[in-house]
Structure formats: C-alpha cells, structure tokens
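K.L.:
What follows is the file my_file_36.cif, containing mmCIF, C-alpha atoms, pLDDT in the B column; chains and numbers go by the auth columns:
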```
data_protein
loop_
_atom_site.group_PDB
_atom_site.id
_atom_site.type_symbol
_atom_site.label_atom_id
_atom_site.label_comp_id
_atom_site.label_asym_id
_atom_site.label_seq_id
_atom_site.Cartn_x
_atom_site.Cartn_y
_atom_site.Cartn_z
_atom_site.B_iso_or_equiv
_atom_site.auth_seq_id
_atom_site.auth_asym_id
ATOM 1 C CA MET A 1 57.585 45.730 77.407 56.00 39 A
ATOM 2 C CA MET A 2 57.892 45.485 73.630 52.00 40 A
ATOM 3 C CA LEU A 3 55.098 42.930 73.533 51.00 41 A
ATOM 4 C CA LYS A 4 52.817 45.237 75.519 58.00 42 A
ATOM 5 C CA LYS A 5 53.537 48.122 73.150 56.00 43 A
ATOM 6 C CA LEU A 6 52.853 45.898 70.145 44.00 44 A
ATOM 7 C CA ILE A 7 49.523 44.773 71.628 55.00 45 A
ATOM 8 C CA ALA A 8 48.621 48.391 72.438 54.00 46 A
ATOM 9 C CA TRP A 9 49.378 49.569 68.891 56.00 47 A
ATOM 10 C CA THR A 10 47.427 46.640 67.447 48.00 48 A
ATOM 11 C CA LEU A 11 44.408 47.611 69.553 56.00 49 A
ATOM 12 C CA VAL A 12 44.713 51.257 68.459 52.00 50 A
ATOM 13 C CA LEU A 13 44.832 50.262 64.791 47.00 51 A
ATOM 14 C CA TYR A 14 41.909 47.870 65.273 50.00 52 A
ATOM 15 C CA LEU A 15 39.816 50.574 66.952 60.00 53 A
ATOM 16 C CA ALA A 16 40.736 53.049 64.213 47.00 54 A
ATOM 17 C CA LEU A 17 39.577 50.547 61.597 47.00 55 A
ATOM 18 C CA ILE A 18 36.272 50.026 63.432 58.00 56 A
ATOM 19 C CA LEU A 19 35.687 53.780 63.767 53.00 57 A
ATOM 20 C CA THR A 20 36.510 54.352 60.097 45.00 58 A
ATOM 21 C CA THR A 21 34.102 51.586 59.073 46.00 59 A
ATOM 22 C CA LEU A 22 31.368 53.066 61.282 51.00 60 A
ATOM 23 C CA PHE A 23 31.965 56.563 59.864 49.00 61 A
ATOM 24 C CA ILE A 24 31.683 55.268 56.298 48.00 62 A
ATOM 25 C CA ALA A 25 28.520 53.320 57.161 48.00 63 A
ATOM 26 C CA ILE A 26 26.908 56.352 58.829 50.00 64 A
ATOM 27 C CA SER A 27 27.868 58.617 55.910 48.00 65 A
ATOM 28 C CA GLN A 28 26.438 56.080 53.472 51.00 66 A
ATOM 29 C CA LYS A 29 23.143 55.969 55.359 52.00 67 A
ATOM 30 C CA LYS A 30 22.931 59.758 55.268 52.00 68 A
ATOM 31 C CA ILE A 31 23.458 59.711 51.496 51.00 69 A
ATOM 32 C CA ASP A 32 20.820 56.999 51.065 63.00 70 A
ATOM 33 C CA ARG A 33 18.340 59.035 53.129 67.00 71 A
ATOM 34 C CA THR A 34 18.824 62.234 51.135 75.00 72 A
ATOM 35 C CA PRO A 35 15.360 63.207 49.855 88.00 73 A
ATOM 36 C CA VAL A 36 14.896 62.689 46.136 92.00 74 A
ATOM 37 C CA PRO A 37 13.551 65.829 44.445 92.00 75 A
ATOM 38 C CA ASN A 38 10.217 65.512 42.677 94.00 76 A
ATOM 39 C CA PHE A 39 11.636 66.213 39.230 93.00 77 A
ATOM 40 C CA ALA A 40 8.243 65.812 37.556 93.00 78 A
ATOM 41 C CA ALA A 41 6.907 68.733 39.616 95.00 79 A
ATOM 42 C CA ILE A 42 9.623 71.106 38.383 95.00 80 A
ATOM 43 C CA GLU A 43 8.010 72.656 35.302 95.00 81 A
ATOM 44 C CA ASP A 44 10.845 75.007 34.370 96.00 82 A
ATOM 45 C CA ILE A 45 13.136 72.862 32.195 96.00 83 A
ATOM 46 C CA PRO A 46 16.484 74.550 33.045 96.00 84 A
ATOM 47 C CA SER A 47 15.613 74.340 36.753 97.00 85 A
ATOM 48 C CA ARG A 48 14.678 70.657 36.427 97.00 86 A
ATOM 49 C CA LYS A 49 17.925 69.871 34.639 97.00 87 A
ATOM 50 C CA GLN A 50 19.994 71.697 37.242 97.00 88 A
ATOM 51 C CA ALA A 51 18.182 69.953 40.099 97.00 89 A
ATOM 52 C CA PHE A 52 18.767 66.607 38.406 97.00 90 A
ATOM 53 C CA PHE A 53 22.508 67.209 37.952 97.00 91 A
ATOM 54 C CA ASN A 54 22.895 68.644 41.461 97.00 92 A
ATOM 55 C CA PHE A 55 21.267 65.547 42.933 97.00 93 A
ATOM 56 C CA LEU A 56 23.065 62.842 40.947 97.00 94 A
ATOM 57 C CA LYS A 57 26.539 64.274 40.454 97.00 95 A
ATOM 58 C CA PRO A 58 27.646 63.904 44.117 97.00 96 A
ATOM 59 C CA LEU A 59 26.497 60.261 44.051 98.00 97 A
ATOM 60 C CA VAL A 60 28.550 59.570 40.923 98.00 98 A
ATOM 61 C CA GLU A 61 31.609 61.299 42.386 98.00 99 A
ATOM 62 C CA THR A 62 31.317 59.381 45.681 97.00 100 A
ATOM 63 C CA GLU A 63 31.110 56.006 43.939 98.00 101 A
ATOM 64 C CA ASN A 64 33.957 56.973 41.593 98.00 102 A
ATOM 65 C CA GLN A 65 36.167 57.709 44.609 98.00 103 A
ATOM 66 C CA LYS A 66 35.542 54.194 45.932 98.00 104 A
ATOM 67 C CA ILE A 67 36.599 52.738 42.596 98.00 105 A
ATOM 68 C CA LEU A 68 39.741 54.892 42.517 98.00 106 A
ATOM 69 C CA LYS A 69 40.690 53.612 45.988 98.00 107 A
ATOM 70 C CA ASP A 70 40.439 50.075 44.629 98.00 108 A
ATOM 71 C CA ARG A 71 42.498 51.121 41.605 98.00 109 A
ATOM 72 C CA LYS A 72 45.237 52.423 43.873 98.00 110 A
ATOM 73 C CA VAL A 73 45.559 48.979 45.497 97.00 111 A
ATOM 74 C CA VAL A 74 45.535 47.191 42.130 98.00 112 A
ATOM 75 C CA LYS A 75 48.235 49.542 40.800 97.00 113 A
ATOM 76 C CA LYS A 76 50.412 48.770 43.827 97.00 114 A
ATOM 77 C CA LEU A 77 49.983 45.043 43.193 97.00 115 A
ATOM 78 C CA ALA A 78 50.903 45.508 39.543 97.00 116 A
ATOM 79 C CA SER A 79 53.933 47.621 40.453 96.00 117 A
ATOM 80 C CA SER A 80 55.123 45.025 42.962 95.00 118 A
ATOM 81 C CA TYR A 81 54.735 42.248 40.414 93.00 119 A
ATOM 82 C CA ASN A 82 56.603 44.208 37.738 94.00 120 A
ATOM 83 C CA LYS A 83 59.541 44.665 40.120 94.00 121 A
ATOM 84 C CA LYS A 84 59.748 41.154 41.587 92.00 122 A
ATOM 85 C CA HIS A 85 57.842 39.057 39.008 91.00 123 A
ATOM 86 C CA LYS A 86 55.912 37.415 41.824 92.00 124 A
ATOM 87 C CA LEU A 87 53.362 38.218 44.527 94.00 125 A
ATOM 88 C CA THR A 88 53.282 37.299 48.211 94.00 126 A
ATOM 89 C CA LYS A 89 50.471 35.173 49.662 93.00 127 A
ATOM 90 C CA ARG A 90 48.871 38.309 51.079 95.00 128 A
ATOM 91 C CA GLN A 91 49.073 40.013 47.682 96.00 129 A
ATOM 92 C CA ILE A 92 47.556 36.963 45.973 95.00 130 A
ATOM 93 C CA LYS A 93 44.697 37.165 48.480 96.00 131 A
ATOM 94 C CA LEU A 94 44.139 40.833 47.598 96.00 132 A
ATOM 95 C CA LEU A 95 44.343 40.043 43.888 97.00 133 A
ATOM 96 C CA THR A 96 41.717 37.316 44.330 97.00 134 A
ATOM 97 C CA HIS A 97 39.415 39.703 46.204 97.00 135 A
ATOM 98 C CA TYR A 98 39.472 42.309 43.431 98.00 136 A
ATOM 99 C CA ALA A 99 39.278 39.693 40.674 98.00 137 A
ATOM 100 C CA HIS A 100 36.037 38.463 42.263 98.00 138 A
ATOM 101 C CA LYS A 101 34.721 41.963 42.972 98.00 139 A
ATOM 102 C CA TYR A 102 35.169 43.076 39.359 98.00 140 A
ATOM 103 C CA TYR A 103 34.074 39.754 37.838 98.00 141 A
ATOM 104 C CA VAL A 104 37.416 38.849 36.284 97.00 142 A
ATOM 105 C CA LEU A 105 37.100 35.527 38.126 96.00 143 A
ATOM 106 C CA LYS A 106 33.949 33.728 39.231 94.00 144 A
ATOM 107 C CA ASP A 107 33.362 33.481 42.985 93.00 145 A
ATOM 108 C CA ASP A 108 34.509 29.856 43.076 92.00 146 A
ATOM 109 C CA GLU A 109 37.642 30.477 40.973 93.00 147 A
ATOM 110 C CA GLN A 110 41.167 31.126 42.236 93.00 148 A
ATOM 111 C CA PRO A 111 44.149 32.692 40.421 92.00 149 A
ATOM 112 C CA GLU A 112 46.320 30.148 38.630 90.00 150 A
ATOM 113 C CA GLY A 113 49.674 30.554 36.941 90.00 151 A
ATOM 114 C CA ASP A 114 51.056 33.964 35.992 94.00 152 A
ATOM 115 C CA PRO A 115 49.000 36.732 37.693 95.00 153 A
ATOM 116 C CA LYS A 116 49.908 39.337 35.052 96.00 154 A
ATOM 117 C CA PRO A 117 46.830 38.736 32.821 96.00 155 A
ATOM 118 C CA LEU A 118 44.585 39.220 35.873 97.00 156 A
ATOM 119 C CA LEU A 119 46.382 42.420 36.839 98.00 157 A
ATOM 120 C CA ASP A 120 46.193 43.756 33.283 97.00 158 A
ATOM 121 C CA GLU A 121 42.453 43.071 33.094 98.00 159 A
ATOM 122 C CA LEU A 122 41.841 44.637 36.501 98.00 160 A
ATOM 123 C CA LEU A 123 43.650 47.808 35.436 98.00 161 A
ATOM 124 C CA LEU A 124 41.224 48.008 32.514 98.00 162 A
ATOM 125 C CA ARG A 125 38.180 47.510 34.737 98.00 163 A
ATOM 126 C CA VAL A 126 38.992 49.268 37.995 98.00 164 A
ATOM 127 C CA ASP A 127 38.747 52.874 36.910 98.00 165 A
ATOM 128 C CA SER A 128 36.399 55.833 37.204 98.00 166 A
ATOM 129 C CA VAL A 129 33.740 56.891 34.717 98.00 167 A
ATOM 130 C CA PRO A 130 33.446 60.552 33.651 98.00 168 A
ATOM 131 C CA PRO A 131 30.523 62.084 35.599 98.00 169 A
ATOM 132 C CA ALA A 132 29.384 63.793 32.385 98.00 170 A
ATOM 133 C CA MET A 133 28.759 60.398 30.776 98.00 171 A
ATOM 134 C CA ALA A 134 26.878 59.053 33.789 98.00 172 A
ATOM 135 C CA LEU A 135 24.730 62.194 34.033 98.00 173 A
ATOM 136 C CA ALA A 136 23.886 62.195 30.324 98.00 174 A
ATOM 137 C CA GLN A 137 22.908 58.523 30.417 98.00 175 A
ATOM 138 C CA ALA A 138 20.872 58.963 33.587 98.00 176 A
ATOM 139 C CA ALA A 139 19.001 61.917 32.077 98.00 177 A
ATOM 140 C CA ASN A 140 18.411 59.983 28.867 97.00 178 A
ATOM 141 C CA GLU A 141 17.331 56.702 30.469 96.00 179 A
ATOM 142 C CA SER A 142 15.139 58.200 33.213 97.00 180 A
ATOM 143 C CA SER A 143 13.650 61.171 31.332 96.00 181 A
ATOM 144 C CA TRP A 144 15.365 63.515 33.772 97.00 182 A
ATOM 145 C CA GLY A 145 14.238 61.495 36.778 96.00 183 A
ATOM 146 C CA ARG A 146 10.554 61.490 35.776 96.00 184 A
ATOM 147 C CA SER A 147 10.189 57.862 34.601 95.00 185 A
ATOM 148 C CA ARG A 148 8.214 55.498 36.817 93.00 186 A
ATOM 149 C CA PHE A 149 11.307 53.291 37.063 94.00 187 A
ATOM 150 C CA ALA A 150 13.233 56.200 38.591 95.00 188 A
ATOM 151 C CA GLN A 151 10.375 57.357 40.797 94.00 189 A
ATOM 152 C CA HIS A 152 9.312 53.931 42.092 94.00 190 A
ATOM 153 C CA GLY A 153 12.473 51.860 41.657 95.00 191 A
ATOM 154 C CA ASN A 154 15.360 54.343 42.023 97.00 192 A
ATOM 155 C CA ASN A 155 16.535 53.102 38.614 96.00 193 A
ATOM 156 C CA TYR A 156 18.117 55.956 36.659 97.00 194 A
ATOM 157 C CA PHE A 157 20.015 53.915 34.068 97.00 195 A
ATOM 158 C CA GLY A 158 17.433 51.514 32.644 93.00 196 A
ATOM 159 C CA GLN A 159 19.154 48.448 34.112 94.00 197 A
ATOM 160 C CA TRP A 160 17.367 45.123 33.749 91.00 198 A
ATOM 161 C CA CYS A 161 17.139 42.029 35.933 90.00 199 A
ATOM 162 C CA TYR A 162 15.808 38.572 35.134 90.00 200 A
ATOM 163 C CA THR A 163 14.421 37.103 38.366 89.00 201 A
ATOM 164 C CA GLU A 164 10.676 37.357 38.848 89.00 202 A
ATOM 165 C CA GLY A 165 9.895 40.132 41.320 88.00 203 A
ATOM 166 C CA CYS A 166 13.360 41.702 41.113 92.00 204 A
ATOM 167 C CA GLY A 167 12.029 44.934 39.673 90.00 205 A
ATOM 168 C CA ILE A 168 9.214 46.621 37.793 90.00 206 A
ATOM 169 C CA VAL A 169 7.601 44.954 34.775 89.00 207 A
ATOM 170 C CA PRO A 170 7.780 47.271 31.725 87.00 208 A
ATOM 171 C CA GLY A 171 4.394 48.193 30.327 81.00 209 A
ATOM 172 C CA LYS A 172 5.472 47.423 26.755 81.00 210 A
ATOM 173 C CA ARG A 173 7.381 44.206 27.460 80.00 211 A
ATOM 174 C CA SER A 174 7.253 41.808 24.516 83.00 212 A
ATOM 175 C CA SER A 175 5.229 38.615 24.831 79.00 213 A
ATOM 176 C CA GLY A 176 7.469 35.847 26.160 78.00 214 A
ATOM 177 C CA ALA A 177 10.072 38.250 27.578 85.00 215 A
ATOM 178 C CA THR A 178 10.986 37.796 31.242 87.00 216 A
ATOM 179 C CA HIS A 179 13.094 40.848 32.045 91.00 217 A
ATOM 180 C CA GLU A 180 12.089 43.491 34.574 91.00 218 A
ATOM 181 C CA VAL A 181 13.517 46.947 35.180 92.00 219 A
ATOM 182 C CA ARG A 182 15.561 46.483 38.320 94.00 220 A
ATOM 183 C CA ARG A 183 14.456 48.075 41.582 95.00 221 A
ATOM 184 C CA PHE A 184 17.145 49.641 43.815 96.00 222 A
ATOM 185 C CA ARG A 185 16.976 50.516 47.496 96.00 223 A
ATOM 186 C CA SER A 186 18.363 53.998 46.788 96.00 224 A
ATOM 187 C CA PRO A 187 19.585 56.226 43.945 97.00 225 A
ATOM 188 C CA ARG A 188 23.147 55.653 45.167 97.00 226 A
ATOM 189 C CA ALA A 189 22.735 51.903 44.721 97.00 227 A
ATOM 190 C CA SER A 190 21.569 52.529 41.161 97.00 228 A
ATOM 191 C CA VAL A 191 24.672 54.623 40.451 98.00 229 A
ATOM 192 C CA ALA A 192 26.977 51.990 41.967 98.00 230 A
ATOM 193 C CA SER A 193 25.372 49.254 39.884 97.00 231 A
ATOM 194 C CA TYR A 194 25.665 51.334 36.705 98.00 232 A
ATOM 195 C CA LEU A 195 29.371 51.961 37.269 98.00 233 A
ATOM 196 C CA LYS A 196 29.960 48.257 37.970 98.00 234 A
ATOM 197 C CA ASN A 197 28.097 47.412 34.767 98.00 235 A
ATOM 198 C CA ILE A 198 30.215 49.796 32.668 98.00 236 A
ATOM 199 C CA ASN A 199 33.412 48.473 34.243 98.00 237 A
ATOM 200 C CA THR A 200 32.710 44.753 33.999 98.00 238 A
ATOM 201 C CA HIS A 201 30.207 43.812 31.282 98.00 239 A
ATOM 202 C CA THR A 202 31.672 42.394 28.081 97.00 240 A
ATOM 203 C CA ALA A 203 29.458 44.764 26.049 97.00 241 A
ATOM 204 C CA TYR A 204 31.600 47.723 27.185 98.00 242 A
ATOM 205 C CA GLN A 205 35.041 46.239 26.642 98.00 243 A
ATOM 206 C CA GLN A 206 35.679 48.762 23.858 98.00 244 A
ATOM 207 C CA LEU A 207 34.841 51.645 26.211 98.00 245 A
ATOM 208 C CA ARG A 208 37.328 50.356 28.774 98.00 246 A
ATOM 209 C CA GLN A 209 40.007 50.033 26.106 98.00 247 A
ATOM 210 C CA ILE A 210 39.392 53.603 24.915 98.00 248 A
ATOM 211 C CA ARG A 211 39.732 54.775 28.519 98.00 249 A
ATOM 212 C CA ALA A 212 42.969 52.834 29.019 98.00 250 A
ATOM 213 C CA ASP A 213 44.446 54.191 25.780 98.00 251 A
ATOM 214 C CA LEU A 214 43.624 57.760 26.806 98.00 252 A
ATOM 215 C CA ARG A 215 45.129 57.187 30.251 97.00 253 A
ATOM 216 C CA SER A 216 48.330 55.695 28.793 97.00 254 A
ATOM 217 C CA ARG A 217 48.732 58.795 26.618 97.00 255 A
ATOM 218 C CA LYS A 218 47.934 61.059 29.570 96.00 256 A
ATOM 219 C CA ALA A 219 45.090 62.478 27.488 97.00 257 A
ATOM 220 C CA PRO A 220 41.824 63.719 29.052 97.00 258 A
ATOM 221 C CA ILE A 221 39.364 60.884 29.676 97.00 259 A
ATOM 222 C CA THR A 222 36.217 62.523 28.358 98.00 260 A
ATOM 223 C CA ALA A 223 32.608 61.430 28.238 98.00 261 A
ATOM 224 C CA TYR A 224 32.491 62.398 24.571 97.00 262 A
ATOM 225 C CA ALA A 225 35.330 59.978 23.734 98.00 263 A
ATOM 226 C CA LEU A 226 34.064 57.113 25.897 98.00 264 A
ATOM 227 C CA ALA A 227 30.550 57.377 24.450 98.00 265 A
ATOM 228 C CA ALA A 228 31.889 55.551 21.380 98.00 266 A
ATOM 229 C CA GLY A 229 32.004 52.417 23.541 98.00 267 A
ATOM 230 C CA LEU A 230 28.293 52.552 24.397 98.00 268 A
ATOM 231 C CA MET A 231 26.974 51.206 21.094 97.00 269 A
ATOM 232 C CA LYS A 232 25.551 48.134 22.859 96.00 270 A
ATOM 233 C CA TYR A 233 23.922 50.018 25.723 97.00 271 A
ATOM 234 C CA SER A 234 20.863 50.638 23.579 94.00 272 A
ATOM 235 C CA GLU A 235 19.266 48.948 20.589 92.00 273 A
ATOM 236 C CA ARG A 236 19.570 52.330 18.859 94.00 274 A
ATOM 237 C CA GLY A 237 23.341 51.920 18.605 94.00 275 A
ATOM 238 C CA GLU A 238 24.930 54.857 16.757 96.00 276 A
ATOM 239 C CA ALA A 239 21.813 57.012 17.183 97.00 277 A
ATOM 240 C CA TYR A 240 22.050 56.492 20.966 97.00 278 A
ATOM 241 C CA VAL A 241 25.730 57.493 21.028 98.00 279 A
ATOM 242 C CA SER A 242 24.996 60.597 18.940 98.00 280 A
ATOM 243 C CA GLU A 243 22.139 61.541 21.254 98.00 281 A
ATOM 244 C CA LEU A 244 24.332 61.210 24.350 98.00 282 A
ATOM 245 C CA ARG A 245 27.086 63.307 22.797 98.00 283 A
ATOM 246 C CA ALA A 246 24.542 65.978 21.882 98.00 284 A
ATOM 247 C CA MET A 247 23.267 65.990 25.489 97.00 285 A
ATOM 248 C CA ILE A 248 26.810 66.270 26.843 98.00 286 A
ATOM 249 C CA LYS A 249 27.537 69.262 24.602 97.00 287 A
ATOM 250 C CA SER A 250 24.206 71.071 24.914 97.00 288 A
ATOM 251 C CA ASN A 251 24.235 70.809 28.713 97.00 289 A
ATOM 252 C CA ASN A 252 27.947 71.707 29.078 96.00 290 A
ATOM 253 C CA LEU A 253 28.517 68.541 31.107 96.00 291 A
ATOM 254 C CA GLU A 254 32.157 68.027 30.119 90.00 292 A
#
```
Output the structure of this file as structure tokens.
P.N.:
Amino acid sequence: MMLKKLIAWTLVLYLALILTTLFIAISQKKIDRTPVPNFAAIEDIPSRKQAFFNFLKPLVETENQKILKDRKVVKKLASSYNKKHKLTKRQIKLLTHYAHKYYVLKDDEQPEGDPKPLLDELLLRVDSVPPAMALAQAANESSWGRSRFAQHGNNYFGQWCYTEGCGIVPGKRSSGATHEVRRFRSPRASVASYLKNINTHTAYQQLRQIRADLRSRKAPITAYALAAGLMKYSERGEAYVSELRAMIKSNNLE
C-alpha cells in the first residue's frame, strides 16, 4: 500500500512539473509574440519614451525574476555549506549547473576542492539588475528603439558577436574588423542576453562588487550607484556613465 501511494505521489509531482514547464513555455511564447511598437513613428517625444519604457520594463522584470529564483537556490547551497562545511552529491550537481550557467566554470570543467570560492563568486553573479539601469542603457544604445539594430535585429543593448552572419554588419565598421551587431529572435532574448552579460563578463566585475557591497549593507541597489561599474561598456568611459546617470535622473527611472 505504501509503495502504491509513493508511486502515486511521484506521478502527481511529475505531472505538476510537466504542467509548470508547459505553462512557462506558453507564457514565454506569448511574451515573444507581443507586437513591438513602431517607436520611430511616435513623433511626440514624451509619448515615445513612455511607450519604450512600458514595452521593455516588463521584459526586464520577468528576466530579473528568473535570476532571483536561481539566486534563491545558490543562497540555500551557500547556507548549507556554511552550516556543514560540505555539500551532498545532489548539491554538488546543482552547484555545477549554476557554475556552468553563469560562466564561473567552463562547460567541460567540474568543481574541485573547496566549493566556497565557487559559491562566493556565484553570489556575486546571480543577482538582479535595477530596471532603471537596463532601461537607460537600452534607450541610449538603441536610440529609444529606433536604431536599425533594434528594428531589424531586436538588439536594444548594442551587443556584438563575432561569427560571420550572426548579426547585422555596422555601416561604419572599421576596415579589418569582424564584429557584427548581434541579431536576437525577440526583444526578450536581447534583455536576457544583456543581463547575462552584466552578470558574467569580466568587464563588469566592479559593478557586481558594488552591488554586493550595497546588498551586504542592506542599502538600496540603485542604477545610479551601479552605473559606476559600466566604464567599459562604451569607449566613452566616464562620459558614458555620466550620460546614463543624467538619463536616469531626467526620466525619473529610479
């Protein structure tokens, strides 16, 4: 009798997992099929800005929620390790999954030795990004959704790729350069890629440290503060950071 009950509960949990996965997949398809406003056709500047924010903000918030779910798992792993100073085989498997997902380890690498350095690095990387920062950068990089890279490649953050045919060739690309402006299947995919870039690329290590310091002090994690870690996002460096901060303030994004 107990065995039958166990099998029945296992089937219920399995079906629940399948239904949840299907619901997420269907919801994701609906988001990807949401019509993109023709921002270039909106002549009134305040109206264009509002339409731009209204369109992108839900995408940023949705992707942030996914990251925060991952963070919850990583925090549980870290808490378990801090209490017992070891992880179970199942926990090591989870740790490996997230270390690969957030590029702490290469796909062919496995955790070795003390897992604490991996956990510490994951806690730096697996965290949300203030929507205000994402919106200001998207507006800046895509000219409020009017750039050809946004219109024809769903690229709102100026992200590059380096495989021939992976994106759109910039009109002013230097002779000998091979980069293209990456093409995405949807605006949501562009947002997800941007967040992964901020959370994993070595160029934004300072930003992640600023975020961690603010979190440890229970201080607000603001776009204005994190912008200091975006010096390497653009060749303009300090001028780029100043411009983003001005956009955040003038558009009341915070």
K.L.:
Can you tell me how far CA of Val219 (chain A) sits from CA of Cys204 (chain A), in Å to one decimal?
P.N.:
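Distance reported for this atom pair: 7.9 Å.
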K.L.:
Can you spell out as a PDB file with C-alpha atoms, keeping the file's coordinate frame the set of residues that the PyMOL selection byres ((chain A and resi 77) around 8) selects in the structure I just provided?
P.N.:
```pdb
ATOM      1  CA  PRO A  75      13.551  65.829  44.445  1.00 92.00           C
ATOM      2  CA  ASN A  76      10.217  65.512  42.677  1.00 94.00           C
ATOM      3  CA  ALA A  78       8.243  65.812  37.556  1.00 93.00           C
ATOM      4  CA  ALA A  79       6.907  68.733  39.616  1.00 95.00           C
ATOM      5  CA  ILE A  80       9.623  71.106  38.383  1.00 95.00           C
ATOM      6  CA  ARG A  86      14.678  70.657  36.427  1.00 97.00           C
ATOM      7  CA  ALA A  89      18.182  69.953  40.099  1.00 97.00           C
ATOM      8  CA  PHE A  90      18.767  66.607  38.406  1.00 97.00           C
ATOM      9  CA  TRP A 182      15.365  63.515  33.772  1.00 97.00           C
ATOM     10  CA  GLY A 183      14.238  61.495  36.778  1.00 96.00           C
ATOM     11  CA  ARG A 184      10.554  61.490  35.776  1.00 96.00           C
TER      12      ARG A 184
END
```
K.L.:
What is the CA of Ser181 (chain A)-CA of Ser212 (chain A) distance in Å, reported with one decimal?
P.N.:
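Rounded to one decimal, the two atoms are 21.5 Å apart.
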K.L.:
Residues at most 10 Å from region 115-125 of chain A, counting all atoms listed in the file, excluding those fewer than 4 positions away in the same chain, as a ChimeraX atom specification?
P.N.:
/A:109-111,129-133,152-154,156-158,160-161
K.L.:
Restrict the selected residues to C-alpha atoms and save them as a PDB file, in the coordinates of the input.
P.N.:
```
ATOM      1  CA  ARG A 109      42.498  51.121  41.605  1.00 98.00           C
ATOM      2  CA  LYS A 110      45.237  52.423  43.873  1.00 98.00           C
ATOM      3  CA  VAL A 111      45.559  48.979  45.497  1.00 97.00           C
ATOM      4  CA  GLN A 129      49.073  40.013  47.682  1.00 96.00           C
ATOM      5  CA  ILE A 130      47.556  36.963  45.973  1.00 95.00           C
ATOM      6  CA  LYS A 131      44.697  37.165  48.480  1.00 96.00           C
ATOM      7  CA  LEU A 132      44.139  40.833  47.598  1.00 96.00           C
ATOM      8  CA  LEU A 133      44.343  40.043  43.888  1.00 97.00           C
ATOM      9  CA  ASP A 152      51.056  33.964  35.992  1.00 94.00           C
ATOM     10  CA  PRO A 153      49.000  36.732  37.693  1.00 95.00           C
ATOM     11  CA  LYS A 154      49.908  39.337  35.052  1.00 96.00           C
ATOM     12  CA  LEU A 156      44.585  39.220  35.873  1.00 97.00           C
ATOM     13  CA  LEU A 157      46.382  42.420  36.839  1.00 98.00           C
ATOM     14  CA  ASP A 158      46.193  43.756  33.283  1.00 97.00           C
ATOM     15  CA  LEU A 160      41.841  44.637  36.501  1.00 98.00           C
ATOM     16  CA  LEU A 161      43.650  47.808  35.436  1.00 98.00           C
TER      17      LEU A 161
END
```
K.L.:
Name the closest residue to His138 (chain A) among the candidates A:Gln243, A:Ser272, A:Thr201, A:Thr238; distances are taken between atoms, counting only C-alpha atoms.
P.N.:
A:Thr238
K.L.:
Which residues match the PyMOL selection byres ((chain A and resi 235) around 12) in the file above, as an MDAnalysis selection string?
P.N.:
chainID A and resid 139:141 163:164 167 172 195:198 228:234 236:243 245:246 268 271
K.L.:
How far is it from CA of Leu291 (chain A) to CA of Pro84 (chain A), in Å with one decimal?
P.N.:
13.6 Å
K.L.:
Give one line per residue of region 150-235 of chain A that approaches region 277-285 of chain A to at most 9 Å, naming the two atoms of the closest pair and their distance in Å to one decimal, counting only C-alpha atoms; sort by chain then ascending residue number and deliver it as a tab-separated table.
P.N.:
```
residue	atom	partner	partner_atom	distance
A:Met171	CA	A:Leu282	CA	7.8
A:Ala174	CA	A:Leu282	CA	6.1
A:Gln175	CA	A:Leu282	CA	6.8
A:Ala177	CA	A:Met285	CA	8.8
A:Asn178	CA	A:Leu282	CA	7.5
```
